[in-house]
file run-v9.cif (mmCIF, N, CA and C atoms, pLDDT in the B column; chains and numbers go by the auth columns)
data_data
#
loop_
_atom_site.group_PDB
_atom_site.id
_atom_site.type_symbol
_atom_site.label_atom_id
_atom_site.label_comp_id
_atom_site.label_asym_id
_atom_site.label_seq_id
_atom_site.Cartn_x
_atom_site.Cartn_y
_atom_site.Cartn_z
_atom_site.B_iso_or_equiv
_atom_site.auth_seq_id
_atom_site.auth_asym_id
ATOM 1 N N MET A 1 -10.952 20.085 -10.793 87.00 1 L
ATOM 2 C CA MET A 1 -11.975 20.471 -9.844 87.00 1 L
ATOM 3 C C MET A 1 -12.922 21.450 -10.533 87.00 1 L
ATOM 4 N N THR A 2 -14.200 21.264 -10.266 90.00 2 L
ATOM 5 C CA THR A 2 -15.226 22.159 -10.771 90.00 2 L
ATOM 6 C C THR A 2 -15.795 22.948 -9.598 90.00 2 L
ATOM 7 N N VAL A 3 -15.919 24.256 -9.758 92.00 3 L
ATOM 8 C CA VAL A 3 -16.470 25.123 -8.717 92.00 3 L
ATOM 9 C C VAL A 3 -17.801 25.667 -9.214 92.00 3 L
ATOM 10 N N VAL A 4 -18.853 25.513 -8.396 94.00 4 L
ATOM 11 C CA VAL A 4 -20.184 26.000 -8.764 94.00 4 L
ATOM 12 C C VAL A 4 -20.799 26.751 -7.597 94.00 4 L
ATOM 13 N N SER A 5 -21.761 27.581 -7.893 93.00 5 L
ATOM 14 C CA SER A 5 -22.499 28.277 -6.838 93.00 5 L
ATOM 15 C C SER A 5 -23.510 27.316 -6.230 93.00 5 L
ATOM 16 N N SER A 6 -23.976 27.645 -5.040 91.00 6 L
ATOM 17 C CA SER A 6 -24.967 26.793 -4.384 91.00 6 L
ATOM 18 C C SER A 6 -26.260 26.746 -5.189 91.00 6 L
ATOM 19 N N ARG A 7 -26.604 27.839 -5.813 91.00 7 L
ATOM 20 C CA ARG A 7 -27.828 27.881 -6.633 91.00 7 L
ATOM 21 C C ARG A 7 -27.688 26.965 -7.852 91.00 7 L
ATOM 22 N N GLU A 8 -26.532 27.027 -8.516 93.00 8 L
ATOM 23 C CA GLU A 8 -26.289 26.163 -9.675 93.00 8 L
ATOM 24 C C GLU A 8 -26.312 24.697 -9.260 93.00 8 L
ATOM 25 N N PHE A 9 -25.712 24.371 -8.115 92.00 9 L
ATOM 26 C CA PHE A 9 -25.710 22.992 -7.641 92.00 9 L
ATOM 27 C C PHE A 9 -27.135 22.527 -7.326 92.00 9 L
ATOM 28 N N ALA A 10 -27.907 23.350 -6.633 90.00 10 L
ATOM 29 C CA ALA A 10 -29.273 22.972 -6.265 90.00 10 L
ATOM 30 C C ALA A 10 -30.140 22.762 -7.510 90.00 10 L
ATOM 31 N N THR A 11 -29.903 23.560 -8.536 92.00 11 L
ATOM 32 C CA THR A 11 -30.680 23.453 -9.775 92.00 11 L
ATOM 33 C C THR A 11 -30.291 22.209 -10.571 92.00 11 L
ATOM 34 N N ASN A 12 -29.015 21.865 -10.582 93.00 12 L
ATOM 35 C CA ASN A 12 -28.503 20.765 -11.407 93.00 12 L
ATOM 36 C C ASN A 12 -27.758 19.731 -10.570 93.00 12 L
ATOM 37 N N GLN A 13 -28.331 19.339 -9.422 89.00 13 L
ATOM 38 C CA GLN A 13 -27.612 18.470 -8.507 89.00 13 L
ATOM 39 C C GLN A 13 -27.244 17.118 -9.105 89.00 13 L
ATOM 40 N N ASP A 14 -28.098 16.516 -9.913 91.00 14 L
ATOM 41 C CA ASP A 14 -27.762 15.223 -10.518 91.00 14 L
ATOM 42 C C ASP A 14 -26.526 15.337 -11.405 91.00 14 L
ATOM 43 N N LYS A 15 -26.430 16.433 -12.141 93.00 15 L
ATOM 44 C CA LYS A 15 -25.281 16.672 -13.017 93.00 15 L
ATOM 45 C C LYS A 15 -23.980 16.729 -12.207 93.00 15 L
ATOM 46 N N TYR A 16 -23.991 17.486 -11.112 92.00 16 L
ATOM 47 C CA TYR A 16 -22.768 17.669 -10.332 92.00 16 L
ATOM 48 C C TYR A 16 -22.434 16.457 -9.464 92.00 16 L
ATOM 49 N N LEU A 17 -23.441 15.708 -9.016 89.00 17 L
ATOM 50 C CA LEU A 17 -23.163 14.467 -8.285 89.00 17 L
ATOM 51 C C LEU A 17 -22.552 13.432 -9.226 89.00 17 L
ATOM 52 N N ALA A 18 -23.024 13.384 -10.474 89.00 18 L
ATOM 53 C CA ALA A 18 -22.428 12.484 -11.467 89.00 18 L
ATOM 54 C C ALA A 18 -20.995 12.920 -11.776 89.00 18 L
ATOM 55 N N LEU A 19 -20.776 14.222 -11.885 91.00 19 L
ATOM 56 C CA LEU A 19 -19.437 14.749 -12.146 91.00 19 L
ATOM 57 C C LEU A 19 -18.483 14.410 -11.004 91.00 19 L
ATOM 58 N N ALA A 20 -19.013 14.377 -9.770 88.00 20 L
ATOM 59 C CA ALA A 20 -18.187 14.082 -8.594 88.00 20 L
ATOM 60 C C ALA A 20 -17.682 12.640 -8.587 88.00 20 L
ATOM 61 N N LEU A 21 -18.223 11.790 -9.443 86.00 21 L
ATOM 62 C CA LEU A 21 -17.714 10.426 -9.548 86.00 21 L
ATOM 63 C C LEU A 21 -16.310 10.408 -10.131 86.00 21 L
ATOM 64 N N ASN A 22 -15.955 11.448 -10.904 87.00 22 L
ATOM 65 C CA ASN A 22 -14.666 11.478 -11.582 87.00 22 L
ATOM 66 C C ASN A 22 -13.754 12.618 -11.146 87.00 22 L
ATOM 67 N N GLU A 23 -14.298 13.620 -10.504 87.00 23 L
ATOM 68 C CA GLU A 23 -13.482 14.747 -10.060 87.00 23 L
ATOM 69 C C GLU A 23 -14.123 15.401 -8.844 87.00 23 L
ATOM 70 N N GLN A 24 -13.372 16.233 -8.169 85.00 24 L
ATOM 71 C CA GLN A 24 -13.886 16.931 -6.993 85.00 24 L
ATOM 72 C C GLN A 24 -14.742 18.116 -7.447 85.00 24 L
ATOM 73 N N VAL A 25 -15.872 18.306 -6.787 90.00 25 L
ATOM 74 C CA VAL A 25 -16.771 19.420 -7.070 90.00 25 L
ATOM 75 C C VAL A 25 -16.801 20.299 -5.826 90.00 25 L
ATOM 76 N N CYS A 26 -16.580 21.590 -6.012 90.00 26 L
ATOM 77 C CA CYS A 26 -16.607 22.560 -4.915 90.00 26 L
ATOM 78 C C CYS A 26 -17.854 23.411 -5.066 90.00 26 L
ATOM 79 N N ILE A 27 -18.660 23.466 -4.014 92.00 27 L
ATOM 80 C CA ILE A 27 -19.872 24.277 -4.012 92.00 27 L
ATOM 81 C C ILE A 27 -19.606 25.475 -3.112 92.00 27 L
ATOM 82 N N LYS A 28 -19.790 26.670 -3.644 91.00 28 L
ATOM 83 C CA LYS A 28 -19.544 27.904 -2.893 91.00 28 L
ATOM 84 C C LYS A 28 -20.875 28.526 -2.494 91.00 28 L
ATOM 85 N N LYS A 29 -21.001 28.859 -1.212 88.00 29 L
ATOM 86 C CA LYS A 29 -22.155 29.614 -0.714 88.00 29 L
ATOM 87 C C LYS A 29 -21.614 30.650 0.245 88.00 29 L
ATOM 88 N N GLY A 30 -21.589 31.893 -0.187 87.00 30 L
ATOM 89 C CA GLY A 30 -21.020 32.951 0.634 87.00 30 L
ATOM 90 C C GLY A 30 -19.554 32.679 0.892 87.00 30 L
ATOM 91 N N VAL A 31 -19.172 32.683 2.165 85.00 31 L
ATOM 92 C CA VAL A 31 -17.777 32.417 2.529 85.00 31 L
ATOM 93 C C VAL A 31 -17.510 30.933 2.756 85.00 31 L
ATOM 94 N N HIS A 32 -18.538 30.081 2.597 84.00 32 L
ATOM 95 C CA HIS A 32 -18.405 28.647 2.843 84.00 32 L
ATOM 96 C C HIS A 32 -18.144 27.893 1.551 84.00 32 L
ATOM 97 N N SER A 33 -17.344 26.833 1.655 86.00 33 L
ATOM 98 C CA SER A 33 -17.066 25.948 0.526 86.00 33 L
ATOM 99 C C SER A 33 -17.376 24.520 0.951 86.00 33 L
ATOM 100 N N PHE A 34 -18.016 23.772 0.077 85.00 34 L
ATOM 101 C CA PHE A 34 -18.350 22.374 0.330 85.00 34 L
ATOM 102 C C PHE A 34 -17.735 21.555 -0.791 85.00 34 L
ATOM 103 N N PHE A 35 -17.095 20.444 -0.446 84.00 35 L
ATOM 104 C CA PHE A 35 -16.454 19.599 -1.438 84.00 35 L
ATOM 105 C C PHE A 35 -17.215 18.290 -1.548 84.00 35 L
ATOM 106 N N VAL A 36 -17.567 17.928 -2.775 84.00 36 L
ATOM 107 C CA VAL A 36 -18.253 16.673 -3.059 84.00 36 L
ATOM 108 C C VAL A 36 -17.243 15.777 -3.763 84.00 36 L
ATOM 109 N N THR A 37 -16.976 14.625 -3.172 76.00 37 L
ATOM 110 C CA THR A 37 -16.036 13.679 -3.766 76.00 37 L
ATOM 111 C C THR A 37 -16.635 12.289 -3.761 76.00 37 L
ATOM 112 N N ASN A 38 -16.098 11.431 -4.555 75.00 38 L
ATOM 113 C CA ASN A 38 -16.528 10.048 -4.633 75.00 38 L
ATOM 114 C C ASN A 38 -15.690 9.220 -3.658 75.00 38 L
ATOM 115 N N ALA A 39 -16.333 8.422 -2.842 66.00 39 L
ATOM 116 C CA ALA A 39 -15.616 7.542 -1.914 66.00 39 L
ATOM 117 C C ALA A 39 -16.065 6.108 -2.177 66.00 39 L
ATOM 118 N N ASP A 40 -15.367 5.424 -3.094 64.00 40 L
ATOM 119 C CA ASP A 40 -15.649 4.017 -3.390 64.00 40 L
ATOM 120 C C ASP A 40 -15.152 3.154 -2.242 64.00 40 L
ATOM 121 N N GLU A 41 -15.583 1.925 -2.221 56.00 41 L
ATOM 122 C CA GLU A 41 -15.126 1.009 -1.181 56.00 41 L
ATOM 123 C C GLU A 41 -13.911 0.218 -1.649 56.00 41 L
ATOM 124 N N ASP A 42 -13.028 0.853 -2.417 58.00 42 L
ATOM 125 C CA ASP A 42 -11.763 0.232 -2.798 58.00 42 L
ATOM 126 C C ASP A 42 -10.879 0.172 -1.565 58.00 42 L
ATOM 127 N N GLU A 43 -9.821 -0.634 -1.632 56.00 43 L
ATOM 128 C CA GLU A 43 -8.909 -0.757 -0.495 56.00 43 L
ATOM 129 C C GLU A 43 -8.336 0.585 -0.084 56.00 43 L
ATOM 130 N N ASP A 44 -8.049 1.457 -1.047 57.00 44 L
ATOM 131 C CA ASP A 44 -7.476 2.762 -0.743 57.00 44 L
ATOM 132 C C ASP A 44 -8.440 3.651 0.037 57.00 44 L
ATOM 133 N N ASP A 45 -9.746 3.410 -0.128 60.00 45 L
ATOM 134 C CA ASP A 45 -10.739 4.273 0.480 60.00 45 L
ATOM 135 C C ASP A 45 -11.297 3.741 1.797 60.00 45 L
ATOM 136 N N VAL A 46 -10.920 2.545 2.202 63.00 46 L
ATOM 137 C CA VAL A 46 -11.464 1.941 3.419 63.00 46 L
ATOM 138 C C VAL A 46 -11.189 2.823 4.633 63.00 46 L
ATOM 139 N N GLU A 47 -9.959 3.319 4.760 65.00 47 L
ATOM 140 C CA GLU A 47 -9.611 4.176 5.890 65.00 47 L
ATOM 141 C C GLU A 47 -10.404 5.484 5.842 65.00 47 L
ATOM 142 N N LEU A 48 -10.545 6.058 4.647 63.00 48 L
ATOM 143 C CA LEU A 48 -11.307 7.301 4.486 63.00 48 L
ATOM 144 C C LEU A 48 -12.769 7.092 4.856 63.00 48 L
ATOM 145 N N LEU A 49 -13.352 5.979 4.439 63.00 49 L
ATOM 146 C CA LEU A 49 -14.751 5.693 4.765 63.00 49 L
ATOM 147 C C LEU A 49 -14.942 5.486 6.266 63.00 49 L
ATOM 148 N N ALA A 50 -13.996 4.811 6.920 65.00 50 L
ATOM 149 C CA ALA A 50 -14.081 4.617 8.373 65.00 50 L
ATOM 150 C C ALA A 50 -14.021 5.962 9.085 65.00 50 L
ATOM 151 N N LEU A 51 -13.142 6.857 8.633 62.00 51 L
ATOM 152 C CA LEU A 51 -13.041 8.185 9.217 62.00 51 L
ATOM 153 C C LEU A 51 -14.333 8.979 8.987 62.00 51 L
ATOM 154 N N ALA A 52 -14.900 8.857 7.805 61.00 52 L
ATOM 155 C CA ALA A 52 -16.149 9.561 7.499 61.00 52 L
ATOM 156 C C ALA A 52 -17.275 9.080 8.404 61.00 52 L
ATOM 157 N N LYS A 53 -17.367 7.767 8.622 62.00 53 L
ATOM 158 C CA LYS A 53 -18.403 7.231 9.505 62.00 53 L
ATOM 159 C C LYS A 53 -18.208 7.710 10.939 62.00 53 L
ATOM 160 N N GLU A 54 -16.954 7.754 11.377 62.00 54 L
ATOM 161 C CA GLU A 54 -16.646 8.229 12.729 62.00 54 L
ATOM 162 C C GLU A 54 -17.032 9.689 12.882 62.00 54 L
ATOM 163 N N ARG A 55 -16.680 10.512 11.921 58.00 55 L
ATOM 164 C CA ARG A 55 -17.004 11.939 11.986 58.00 55 L
ATOM 165 C C ARG A 55 -18.495 12.185 11.872 58.00 55 L
ATOM 166 N N ARG A 56 -19.191 11.332 11.110 57.00 56 L
ATOM 167 C CA ARG A 56 -20.638 11.492 10.951 57.00 56 L
ATOM 168 C C ARG A 56 -21.339 11.350 12.292 57.00 56 L
ATOM 169 N N ASN A 57 -20.801 10.508 13.177 55.00 57 L
ATOM 170 C CA ASN A 57 -21.398 10.278 14.482 55.00 57 L
ATOM 171 C C ASN A 57 -20.883 11.235 15.552 55.00 57 L
ATOM 172 N N ASP A 58 -19.932 12.070 15.215 54.00 58 L
ATOM 173 C CA ASP A 58 -19.330 13.022 16.147 54.00 58 L
ATOM 174 C C ASP A 58 -20.291 14.195 16.368 54.00 58 L
ATOM 175 N N SER A 59 -20.311 14.740 17.588 51.00 59 L
ATOM 176 C CA SER A 59 -21.182 15.882 17.866 51.00 59 L
ATOM 177 C C SER A 59 -20.695 17.140 17.143 51.00 59 L
ATOM 178 N N ASN A 60 -19.426 17.207 16.800 55.00 60 L
ATOM 179 C CA ASN A 60 -18.849 18.324 16.041 55.00 60 L
ATOM 180 C C ASN A 60 -18.764 17.920 14.577 55.00 60 L
ATOM 181 N N ARG A 61 -19.877 17.603 13.970 53.00 61 L
ATOM 182 C CA ARG A 61 -19.892 17.010 12.636 53.00 61 L
ATOM 183 C C ARG A 61 -19.237 17.892 11.593 53.00 61 L
ATOM 184 N N GLU A 62 -18.344 17.304 10.823 58.00 62 L
ATOM 185 C CA GLU A 62 -17.714 17.988 9.704 58.00 62 L
ATOM 186 C C GLU A 62 -18.298 17.500 8.390 58.00 62 L
ATOM 187 N N LEU A 63 -18.887 16.309 8.399 59.00 63 L
ATOM 188 C CA LEU A 63 -19.440 15.721 7.185 59.00 63 L
ATOM 189 C C LEU A 63 -20.951 15.701 7.290 59.00 63 L
ATOM 190 N N VAL A 64 -21.618 15.920 6.171 64.00 64 L
ATOM 191 C CA VAL A 64 -23.074 15.902 6.154 64.00 64 L
ATOM 192 C C VAL A 64 -23.547 15.059 4.987 64.00 64 L
ATOM 193 N N GLY A 65 -24.776 14.610 5.073 70.00 65 L
ATOM 194 C CA GLY A 65 -25.371 13.851 3.990 70.00 65 L
ATOM 195 C C GLY A 65 -25.799 14.772 2.861 70.00 65 L
ATOM 196 N N VAL A 66 -26.057 14.188 1.708 71.00 66 L
ATOM 197 C CA VAL A 66 -26.435 14.962 0.529 71.00 66 L
ATOM 198 C C VAL A 66 -27.717 15.749 0.792 71.00 66 L
ATOM 199 N N ASP A 67 -28.722 15.119 1.404 74.00 67 L
ATOM 200 C CA ASP A 67 -29.988 15.809 1.647 74.00 67 L
ATOM 201 C C ASP A 67 -29.796 17.017 2.557 74.00 67 L
ATOM 202 N N GLU A 68 -28.983 16.852 3.608 75.00 68 L
ATOM 203 C CA GLU A 68 -28.726 17.960 4.530 75.00 68 L
ATOM 204 C C GLU A 68 -27.991 19.100 3.823 75.00 68 L
ATOM 205 N N LEU A 69 -27.025 18.755 2.977 72.00 69 L
ATOM 206 C CA LEU A 69 -26.289 19.764 2.221 72.00 69 L
ATOM 207 C C LEU A 69 -27.218 20.516 1.283 72.00 69 L
ATOM 208 N N ILE A 70 -28.058 19.813 0.560 73.00 70 L
ATOM 209 C CA ILE A 70 -28.972 20.455 -0.389 73.00 70 L
ATOM 210 C C ILE A 70 -29.947 21.354 0.346 73.00 70 L
ATOM 211 N N ASN A 71 -30.469 20.904 1.492 75.00 71 L
ATOM 212 C CA ASN A 71 -31.375 21.760 2.271 75.00 71 L
ATOM 213 C C ASN A 71 -30.669 23.041 2.726 75.00 71 L
ATOM 214 N N TYR A 72 -29.409 22.918 3.158 74.00 72 L
ATOM 215 C CA TYR A 72 -28.654 24.088 3.573 74.00 72 L
ATOM 216 C C TYR A 72 -28.426 25.048 2.393 74.00 72 L
ATOM 217 N N LEU A 73 -28.057 24.495 1.257 72.00 73 L
ATOM 218 C CA LEU A 73 -27.760 25.325 0.094 72.00 73 L
ATOM 219 C C LEU A 73 -28.997 26.040 -0.447 72.00 73 L
ATOM 220 N N ARG A 74 -30.151 25.473 -0.225 72.00 74 L
ATOM 221 C CA ARG A 74 -31.401 26.103 -0.719 72.00 74 L
ATOM 222 C C ARG A 74 -31.852 27.260 0.166 72.00 74 L
ATOM 223 N N ARG A 75 -31.299 27.382 1.389 69.00 75 L
ATOM 224 C CA ARG A 75 -31.682 28.474 2.286 69.00 75 L
ATOM 225 C C ARG A 75 -31.220 29.800 1.762 69.00 75 L
#

call {"tool": "encode", "arguments": {"input": "run-v9.cif", "output": "structure tokens"}}
result
Amino acid sequence: MTVVSSREFATNQDKYLALALNEQVCIKKGVHSFFVTNADEDEDDVELLALAKERRNDSNRELVGVDELINYLRR
């Protein structure tokens, strides 16, 4: 796992998104932590992807899109 600050992630987002293809990336902003992981459509990930889609539509959203995360981290 690689841990980076929100500023470092915002500055080098392509680098860390590429890194997330092979390992988990943790972005720290204050007391908050965000985890970037790769979710392929392999058989093992089908259940995880279904859960992610369900949570994305939930009013108590736990998952966010990359653009929303980057906008938050830039604040």

call {"tool": "resolve_selection", "arguments": {"input": "run-v9.cif", "expression": "the PyMOL selection byres ((chain L and resi 4) around 6.5)", "output": "list of chain:residue names"}}
result
L:Thr2, L:Val3, L:Ser5, L:Ser6, L:Arg7, L:Glu8, L:Phe9, L:Val25, L:Cys26, L:Ile27, L:Lys28

call {"tool": "resolve_selection", "arguments": {"input": "run-v9.cif", "expression": "the PyMOL selection byres (((chain L and resi 22 and name CA) around 12) and name CA)", "output": "JSON, numbers by chain"}}
result
{"L": [1, 2, 15, 16, 17, 18, 19, 20, 21, 23, 24, 25, 36, 37, 38, 39, 40]}

call {"tool": "atom_distance", "arguments": {"input": "run-v9.cif", "atom1": "atom N of L:Gln13", "atom2": "atom C of L:Gly30"}}
result
19.0 Å

call {"tool": "atom_distance", "arguments": {"input": "run-v9.cif", "atom1": "atom N of L:Leu73", "atom2": "atom C of L:Lys29"}}
result
9.0 Å

call {"tool": "atom_distance", "arguments": {"input": "run-v9.cif", "atom1": "atom CA of L:Val31", "atom2": "atom CA of L:Asn12"}}
result
21.1 Å

call {"tool": "axis_aligned_box", "arguments": {"input": "run-v9.cif", "around": "stretch 15-34 of chain L", "padding_each_side": "6 Å", "output": "AutoDock Vina command-line options"}}
result
--center_x -19.9 --center_y 21.7 --center_z -5.1 --size_x 25.1 --size_y 34.5 --size_z 27.9
